[in-house]
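Participant: Input file: protein_29.pdb. Contents: PDB, C-alpha atoms, pLDDT in the B column.
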ATOM      1  CA  MET A   1     -10.187 -30.654  43.144  1.00 55.00           C
ATOM      2  CA  ARG A   2      -9.551 -34.242  42.132  1.00 62.00           C
ATOM      3  CA  CYS A   3      -7.177 -34.864  39.263  1.00 63.00           C
ATOM      4  CA  MET A   4      -6.254 -37.936  37.308  1.00 62.00           C
ATOM      5  CA  ASP A   5      -2.940 -38.060  35.474  1.00 65.00           C
ATOM      6  CA  LEU A   6      -2.817 -39.749  32.092  1.00 62.00           C
ATOM      7  CA  PRO A   7       0.141 -39.690  29.699  1.00 66.00           C
ATOM      8  CA  ARG A   8       0.572 -36.039  28.593  1.00 63.00           C
ATOM      9  CA  VAL A   9      -2.880 -34.982  29.928  1.00 59.00           C
ATOM     10  CA  ARG A  10      -4.192 -34.180  33.370  1.00 61.00           C
ATOM     11  CA  ILE A  11      -7.976 -34.460  33.833  1.00 61.00           C
ATOM     12  CA  CYS A  12      -9.329 -32.528  36.785  1.00 60.00           C
ATOM     13  CA  LYS A  13     -12.827 -32.588  38.263  1.00 58.00           C
ATOM     14  CA  SER A  14     -13.946 -29.956  40.687  1.00 55.00           C
ATOM     15  CA  MET A  15     -15.613 -30.959  43.941  1.00 51.00           C
ATOM     16  CA  TYR A  16     -18.081 -28.107  43.569  1.00 50.00           C
ATOM     17  CA  PRO A  17     -21.455 -29.118  42.057  1.00 52.00           C
ATOM     18  CA  ALA A  18     -21.703 -26.082  39.734  1.00 49.00           C
ATOM     19  CA  ALA A  19     -18.435 -26.909  38.095  1.00 48.00           C
ATOM     20  CA  SER A  20     -18.777 -30.657  37.995  1.00 48.00           C
ATOM     21  CA  GLN A  21     -17.745 -31.034  34.350  1.00 50.00           C
ATOM     22  CA  PRO A  22     -14.236 -32.402  33.974  1.00 54.00           C
ATOM     23  CA  GLY A  23     -11.660 -30.077  32.464  1.00 55.00           C
ATOM     24  CA  VAL A  24      -8.653 -31.050  30.404  1.00 54.00           C
ATOM     25  CA  VAL A  25      -5.389 -29.381  31.329  1.00 53.00           C
ATOM     26  CA  PRO A  26      -2.247 -30.185  29.310  1.00 53.00           C
ATOM     27  CA  MET A  27       0.682 -31.216  31.463  1.00 54.00           C
ATOM     28  CA  GLN A  28       3.924 -29.276  31.487  1.00 55.00           C
ATOM     29  CA  PRO A  29       6.733 -31.817  31.565  1.00 54.00           C
ATOM     30  CA  ALA A  30      10.007 -30.916  33.249  1.00 52.00           C
ATOM     31  CA  ARG A  31      12.463 -29.059  31.060  1.00 52.00           C
ATOM     32  CA  SER A  32      15.498 -31.061  30.120  1.00 51.00           C
ATOM     33  CA  ALA A  33      18.832 -29.403  29.463  1.00 54.00           C
ATOM     34  CA  GLY A  34      18.765 -27.446  26.175  1.00 55.00           C
ATOM     35  CA  PHE A  35      15.431 -28.764  24.951  1.00 52.00           C
ATOM     36  CA  TYR A  36      11.895 -27.412  25.032  1.00 56.00           C
ATOM     37  CA  PRO A  37       9.181 -28.970  27.190  1.00 58.00           C
ATOM     38  CA  GLY A  38       7.482 -31.928  25.612  1.00 59.00           C
ATOM     39  CA  GLN A  39      10.285 -32.551  23.145  1.00 54.00           C
ATOM     40  CA  PRO A  40      12.266 -35.746  23.471  1.00 57.00           C
ATOM     41  CA  ASP A  41      16.011 -35.366  23.839  1.00 57.00           C
ATOM     42  CA  GLY A  42      17.862 -35.096  20.535  1.00 54.00           C
ATOM     43  CA  SER A  43      14.874 -33.857  18.535  1.00 53.00           C
ATOM     44  CA  THR A  44      14.973 -30.849  16.246  1.00 56.00           C
ATOM     45  CA  VAL A  45      12.812 -27.870  17.108  1.00 56.00           C
ATOM     46  CA  VAL A  46      11.508 -25.865  14.171  1.00 59.00           C
ATOM     47  CA  HIS A  47      10.328 -22.324  14.855  1.00 62.00           C
ATOM     48  CA  LEU A  48       7.778 -20.961  12.419  1.00 65.00           C
ATOM     49  CA  SER A  49       7.549 -17.220  12.138  1.00 66.00           C
ATOM     50  CA  PRO A  50       4.943 -15.422  10.085  1.00 69.00           C
ATOM     51  CA  VAL A  51       6.168 -13.485   7.089  1.00 62.00           C
ATOM     52  CA  ASN A  52       4.514 -10.129   6.571  1.00 61.00           C
ATOM     53  CA  VAL A  53       3.813 -10.056   2.857  1.00 58.00           C
ATOM     54  CA  SER A  54       2.055  -6.951   1.680  1.00 59.00           C
ATOM     55  CA  THR A  55      -0.937  -7.958  -0.414  1.00 65.00           C
ATOM     56  CA  GLN A  56      -1.605  -4.348  -1.294  1.00 78.00           C
ATOM     57  CA  ARG A  57      -1.141  -3.856  -5.001  1.00 83.00           C
ATOM     58  CA  PRO A  58       0.722  -0.696  -6.081  1.00 88.00           C
ATOM     59  CA  ARG A  59      -1.290   2.015  -7.793  1.00 91.00           C
ATOM     60  CA  ASP A  60      -0.588   2.575 -11.474  1.00 90.00           C
ATOM     61  CA  TYR A  61      -2.054   6.122 -11.797  1.00 94.00           C
ATOM     62  CA  ILE A  62      -3.583   5.287 -15.171  1.00 95.00           C
ATOM     63  CA  ILE A  63      -6.598   7.602 -14.726  1.00 94.00           C
ATOM     64  CA  TYR A  64      -4.405  10.519 -13.644  1.00 94.00           C
ATOM     65  CA  SER A  65      -2.132   9.856 -16.624  1.00 95.00           C
ATOM     66  CA  LEU A  66      -5.053   9.775 -19.070  1.00 94.00           C
ATOM     67  CA  PHE A  67      -6.369  13.027 -17.619  1.00 93.00           C
ATOM     68  CA  SER A  68      -2.908  14.563 -17.838  1.00 92.00           C
ATOM     69  CA  PHE A  69      -2.475  13.365 -21.421  1.00 92.00           C
ATOM     70  CA  VAL A  70      -5.898  14.399 -22.747  1.00 91.00           C
ATOM     71  CA  TYR A  71      -7.002  17.454 -20.762  1.00 87.00           C
ATOM     72  CA  MET A  72      -3.861  19.260 -19.632  1.00 81.00           C
ATOM     73  CA  GLY A  73      -2.631  20.298 -23.043  1.00 70.00           C
ATOM     74  CA  ASN A  74       0.217  17.810 -22.685  1.00 72.00           C
ATOM     75  CA  PRO A  75       3.029  20.283 -21.869  1.00 73.00           C
ATOM     76  CA  PHE A  76       6.406  18.934 -22.996  1.00 84.00           C
ATOM     77  CA  CYS A  77       4.754  15.546 -23.656  1.00 91.00           C
ATOM     78  CA  LEU A  78       4.831  14.778 -19.912  1.00 92.00           C
ATOM     79  CA  GLY A  79       1.282  13.417 -20.085  1.00 92.00           C
ATOM     80  CA  LEU A  80       2.307  10.950 -22.783  1.00 93.00           C
ATOM     81  CA  ALA A  81       5.379   9.864 -20.821  1.00 95.00           C
ATOM     82  CA  ALA A  82       3.258   9.455 -17.670  1.00 95.00           C
ATOM     83  CA  LEU A  83       0.742   7.377 -19.615  1.00 95.00           C
ATOM     84  CA  ILE A  84       3.513   5.113 -20.925  1.00 96.00           C
ATOM     85  CA  PHE A  85       4.923   4.594 -17.429  1.00 97.00           C
ATOM     86  CA  SER A  86       1.421   3.924 -16.071  1.00 97.00           C
ATOM     87  CA  ILE A  87       0.883   1.230 -18.677  1.00 96.00           C
ATOM     88  CA  LYS A  88       4.289  -0.258 -17.840  1.00 96.00           C
ATOM     89  CA  ALA A  89       3.346  -0.245 -14.142  1.00 96.00           C
ATOM     90  CA  ARG A  90       0.091  -2.038 -14.904  1.00 95.00           C
ATOM     91  CA  ASP A  91       1.938  -4.625 -17.010  1.00 95.00           C
ATOM     92  CA  ARG A  92       4.492  -5.223 -14.233  1.00 95.00           C
ATOM     93  CA  LYS A  93       1.663  -5.591 -11.729  1.00 93.00           C
ATOM     94  CA  VAL A  94      -0.095  -8.205 -13.884  1.00 93.00           C
ATOM     95  CA  VAL A  95       3.135 -10.170 -14.312  1.00 94.00           C
ATOM     96  CA  GLY A  96       3.741 -10.091 -10.546  1.00 91.00           C
ATOM     97  CA  ASP A  97       6.807  -7.855 -10.472  1.00 93.00           C
ATOM     98  CA  ILE A  98       5.695  -5.652  -7.572  1.00 94.00           C
ATOM     99  CA  GLU A  99       8.998  -3.762  -7.260  1.00 94.00           C
ATOM    100  CA  GLY A 100       9.047  -2.928 -10.971  1.00 95.00           C
ATOM    101  CA  ALA A 101       5.416  -1.843 -10.793  1.00 96.00           C
ATOM    102  CA  LYS A 102       6.180   0.443  -7.845  1.00 96.00           C
ATOM    103  CA  LYS A 103       9.124   1.998  -9.718  1.00 96.00           C
ATOM    104  CA  HIS A 104       7.126   2.691 -12.888  1.00 97.00           C
ATOM    105  CA  ALA A 105       4.112   3.928 -10.898  1.00 96.00           C
ATOM    106  CA  SER A 106       6.307   6.327  -8.943  1.00 96.00           C
ATOM    107  CA  THR A 107       7.758   7.719 -12.168  1.00 97.00           C
ATOM    108  CA  ALA A 108       4.260   8.105 -13.641  1.00 97.00           C
ATOM    109  CA  LYS A 109       3.098   9.905 -10.499  1.00 96.00           C
ATOM    110  CA  TYR A 110       5.966  12.398 -10.585  1.00 96.00           C
ATOM    111  CA  LEU A 111       5.498  13.032 -14.309  1.00 95.00           C
ATOM    112  CA  ASN A 112       1.782  13.666 -13.714  1.00 95.00           C
ATOM    113  CA  ILE A 113       2.570  16.077 -10.889  1.00 95.00           C
ATOM    114  CA  ALA A 114       5.087  17.918 -13.070  1.00 94.00           C
ATOM    115  CA  ALA A 115       2.572  18.128 -15.940  1.00 93.00           C
ATOM    116  CA  SER A 116      -0.075  19.464 -13.541  1.00 93.00           C
ATOM    117  CA  ILE A 117       2.246  22.129 -12.137  1.00 93.00           C
ATOM    118  CA  ILE A 118       3.396  23.239 -15.590  1.00 92.00           C
ATOM    119  CA  PHE A 119      -0.208  23.322 -16.825  1.00 92.00           C
ATOM    120  CA  GLY A 120      -1.225  25.401 -13.797  1.00 92.00           C
ATOM    121  CA  ILE A 121       1.600  27.869 -14.425  1.00 93.00           C
ATOM    122  CA  LEU A 122       0.639  28.114 -18.106  1.00 91.00           C
ATOM    123  CA  VAL A 123      -3.001  28.788 -17.174  1.00 92.00           C
ATOM    124  CA  LEU A 124      -1.898  31.553 -14.793  1.00 96.00           C
ATOM    125  CA  ILE A 125       0.298  33.107 -17.497  1.00 96.00           C
ATOM    126  CA  VAL A 126      -2.607  33.062 -19.967  1.00 95.00           C
ATOM    127  CA  ILE A 127      -4.994  34.617 -17.432  1.00 97.00           C
ATOM    128  CA  ILE A 128      -2.514  37.362 -16.487  1.00 97.00           C
ATOM    129  CA  THR A 129      -1.693  38.078 -20.139  1.00 97.00           C
ATOM    130  CA  TYR A 130      -5.370  38.219 -21.089  1.00 96.00           C
ATOM    131  CA  SER A 131      -6.199  40.561 -18.213  1.00 96.00           C
ATOM    132  CA  VAL A 132      -3.277  42.901 -19.072  1.00 95.00           C
ATOM    133  CA  VAL A 133      -4.211  42.983 -22.772  1.00 95.00           C
ATOM    134  CA  LEU A 134      -7.878  43.541 -21.916  1.00 94.00           C
ATOM    135  CA  ASP A 135      -6.968  46.352 -19.507  1.00 93.00           C
ATOM    136  CA  ARG A 136      -4.820  48.079 -22.145  1.00 92.00           C
ATOM    137  CA  ALA A 137      -7.590  47.711 -24.720  1.00 92.00           C
ATOM    138  CA  ILE A 138     -10.148  49.262 -22.374  1.00 92.00           C
ATOM    139  CA  ARG A 139      -7.764  52.154 -21.553  1.00 90.00           C
ATOM    140  CA  GLY A 140      -7.118  52.672 -25.287  1.00 88.00           C
ATOM    141  CA  ILE A 141     -10.835  52.891 -26.025  1.00 89.00           C
ATOM    142  CA  ARG A 142     -11.408  55.416 -23.202  1.00 87.00           C
ATOM    143  CA  HIS A 143      -8.494  57.660 -24.208  1.00 83.00           C
ATOM    144  CA  GLY A 144      -8.667  57.141 -27.924  1.00 66.00           C
TER     145      GLY A 144
END
What is this structure when it is put down as structure tokens?
Facilitator:
Amino acid sequence: MRCMDLPRVRICKSMYPAASQPGVVPMQPARSAGFYPGQPDGSTVVHLSPVNVSTQRPRDYIIYSLFSFVYMGNPFCLGLAALIFSIKARDRKVVGDIEGAKKHASTAKYLNIAASIIFGILVLIVIITYSVVLDRAIRGIRHG
């Protein structure tokens, strides 16, 4: 392989006919004490590191809050409180306050979960009460 040295670049040409195109290979200058290769003595080296910024927007749970407010009978006004926190989370997200949006969204999520659990318990109580009353009514008709 024949090479020709130019300032900061080494151009090499292979002696083989298939690879007869010249290639450009950057030179690696000798390392001087305390400095990186290719940097003149006394220069400042700046290291750039990527910053991992999450572009994922936090959820605001607005649909869950509306469902909780309208359809779950709104036990203890938890659906209303969840809806208010969801709207606050959406406002914080629009303004650009991601941490505030995450805080309000988390509160809305937990209020929605609490409203769902309480609503489920209330539905079970109603079903059990209805079945007991219906059973007693049927027994009263048979024995009455």
Participant: Can you measure atom CA of Lys88 of chain A to atom CA of His104 of chain A for me? One decimal in Å is fine.
Facilitator: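 These atoms are spaced 6.4 Å apart.
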Participant: Expand the PyMOL selection byres ((chain A and resi 114) around 12) into the individual residues it matches in the shown file, reporting them as a ChimeraX atom specification.
Facilitator: /A:65,68,72,74-79,81-82,107-113,115-121
Participant: Output C-alpha atoms for every residue in that selection, as a short mmCIF file (atom, residue, chain, number, x, y, z; two decimals), keeping the file's coordinate frame.
Facilitator:
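out-v2.cif, freshly written:
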data_model
loop_
_atom_site.label_atom_id
_atom_site.label_comp_id
_atom_site.auth_asym_id
_atom_site.auth_seq_id
_atom_site.Cartn_x
_atom_site.Cartn_y
_atom_site.Cartn_z
CA SER A 65 -2.13 9.86 -16.62
CA SER A 68 -2.91 14.56 -17.84
CA MET A 72 -3.86 19.26 -19.63
CA ASN A 74 0.22 17.81 -22.68
CA PRO A 75 3.03 20.28 -21.87
CA PHE A 76 6.41 18.93 -23.00
CA CYS A 77 4.75 15.55 -23.66
CA LEU A 78 4.83 14.78 -19.91
CA GLY A 79 1.28 13.42 -20.08
CA ALA A 81 5.38 9.86 -20.82
CA ALA A 82 3.26 9.46 -17.67
CA THR A 107 7.76 7.72 -12.17
CA ALA A 108 4.26 8.10 -13.64
CA LYS A 109 3.10 9.90 -10.50
CA TYR A 110 5.97 12.40 -10.58
CA LEU A 111 5.50 13.03 -14.31
CA ASN A 112 1.78 13.67 -13.71
CA ILE A 113 2.57 16.08 -10.89
CA ALA A 115 2.57 18.13 -15.94
CA SER A 116 -0.08 19.46 -13.54
CA ILE A 117 2.25 22.13 -12.14
CA ILE A 118 3.40 23.24 -15.59
CA PHE A 119 -0.21 23.32 -16.82
CA GLY A 120 -1.23 25.40 -13.80
CA ILE A 121 1.60 27.87 -14.42
#
Participant: Atom CA of Val123 of chain A to atom CA of Tyr64 of chain A: how many Å, to one decimal?
Facilitator: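 Straight-line distance from atom CA of Val123 of chain A to atom CA of Tyr64 of chain A works out to 18.7 Å.
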Participant: Have a look at atom CA of Ala89 of chain A and atom CA of Phe67 of chain A and let me know their distance in Å, one decimal.
Facilitator: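 About the pair atom CA of Ala89 of chain A and atom CA of Phe67 of chain A: they are 16.8 Å apart.
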Participant: Skipping near chain neighbours, those fewer than 6 positions away, what residues fall within 12 Å of segment 95-102 of chain A using all atoms listed in the file, listed as a compact mmCIF listing (two decimals) with C-alpha atoms, in the coordinates of the input?
Facilitator:
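Output saved as result_0.txt:
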# COMPACT_ATOMS: atom_id res chain seq x y z
CA VAL A 53 3.81 -10.06 2.86
CA SER A 54 2.06 -6.95 1.68
CA THR A 55 -0.94 -7.96 -0.41
CA GLN A 56 -1.60 -4.35 -1.29
CA ARG A 57 -1.14 -3.86 -5.00
CA PRO A 58 0.72 -0.70 -6.08
CA ARG A 59 -1.29 2.02 -7.79
CA ASP A 60 -0.59 2.58 -11.47
CA TYR A 61 -2.05 6.12 -11.80
CA PHE A 85 4.92 4.59 -17.43
CA SER A 86 1.42 3.92 -16.07
CA ILE A 87 0.88 1.23 -18.68
CA LYS A 88 4.29 -0.26 -17.84
CA ALA A 89 3.35 -0.24 -14.14
CA ALA A 108 4.26 8.10 -13.64
CA LYS A 109 3.10 9.90 -10.50
Participant: Return the single residue from A:Lys103, A:Arg139, A:Leu122, A:Lys93 that is closest to Gly73 of chain A, with distances computed using only C-alpha atoms.
Facilitator: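 The answer is A:Leu122, which sits nearest to Gly73 of chain A.
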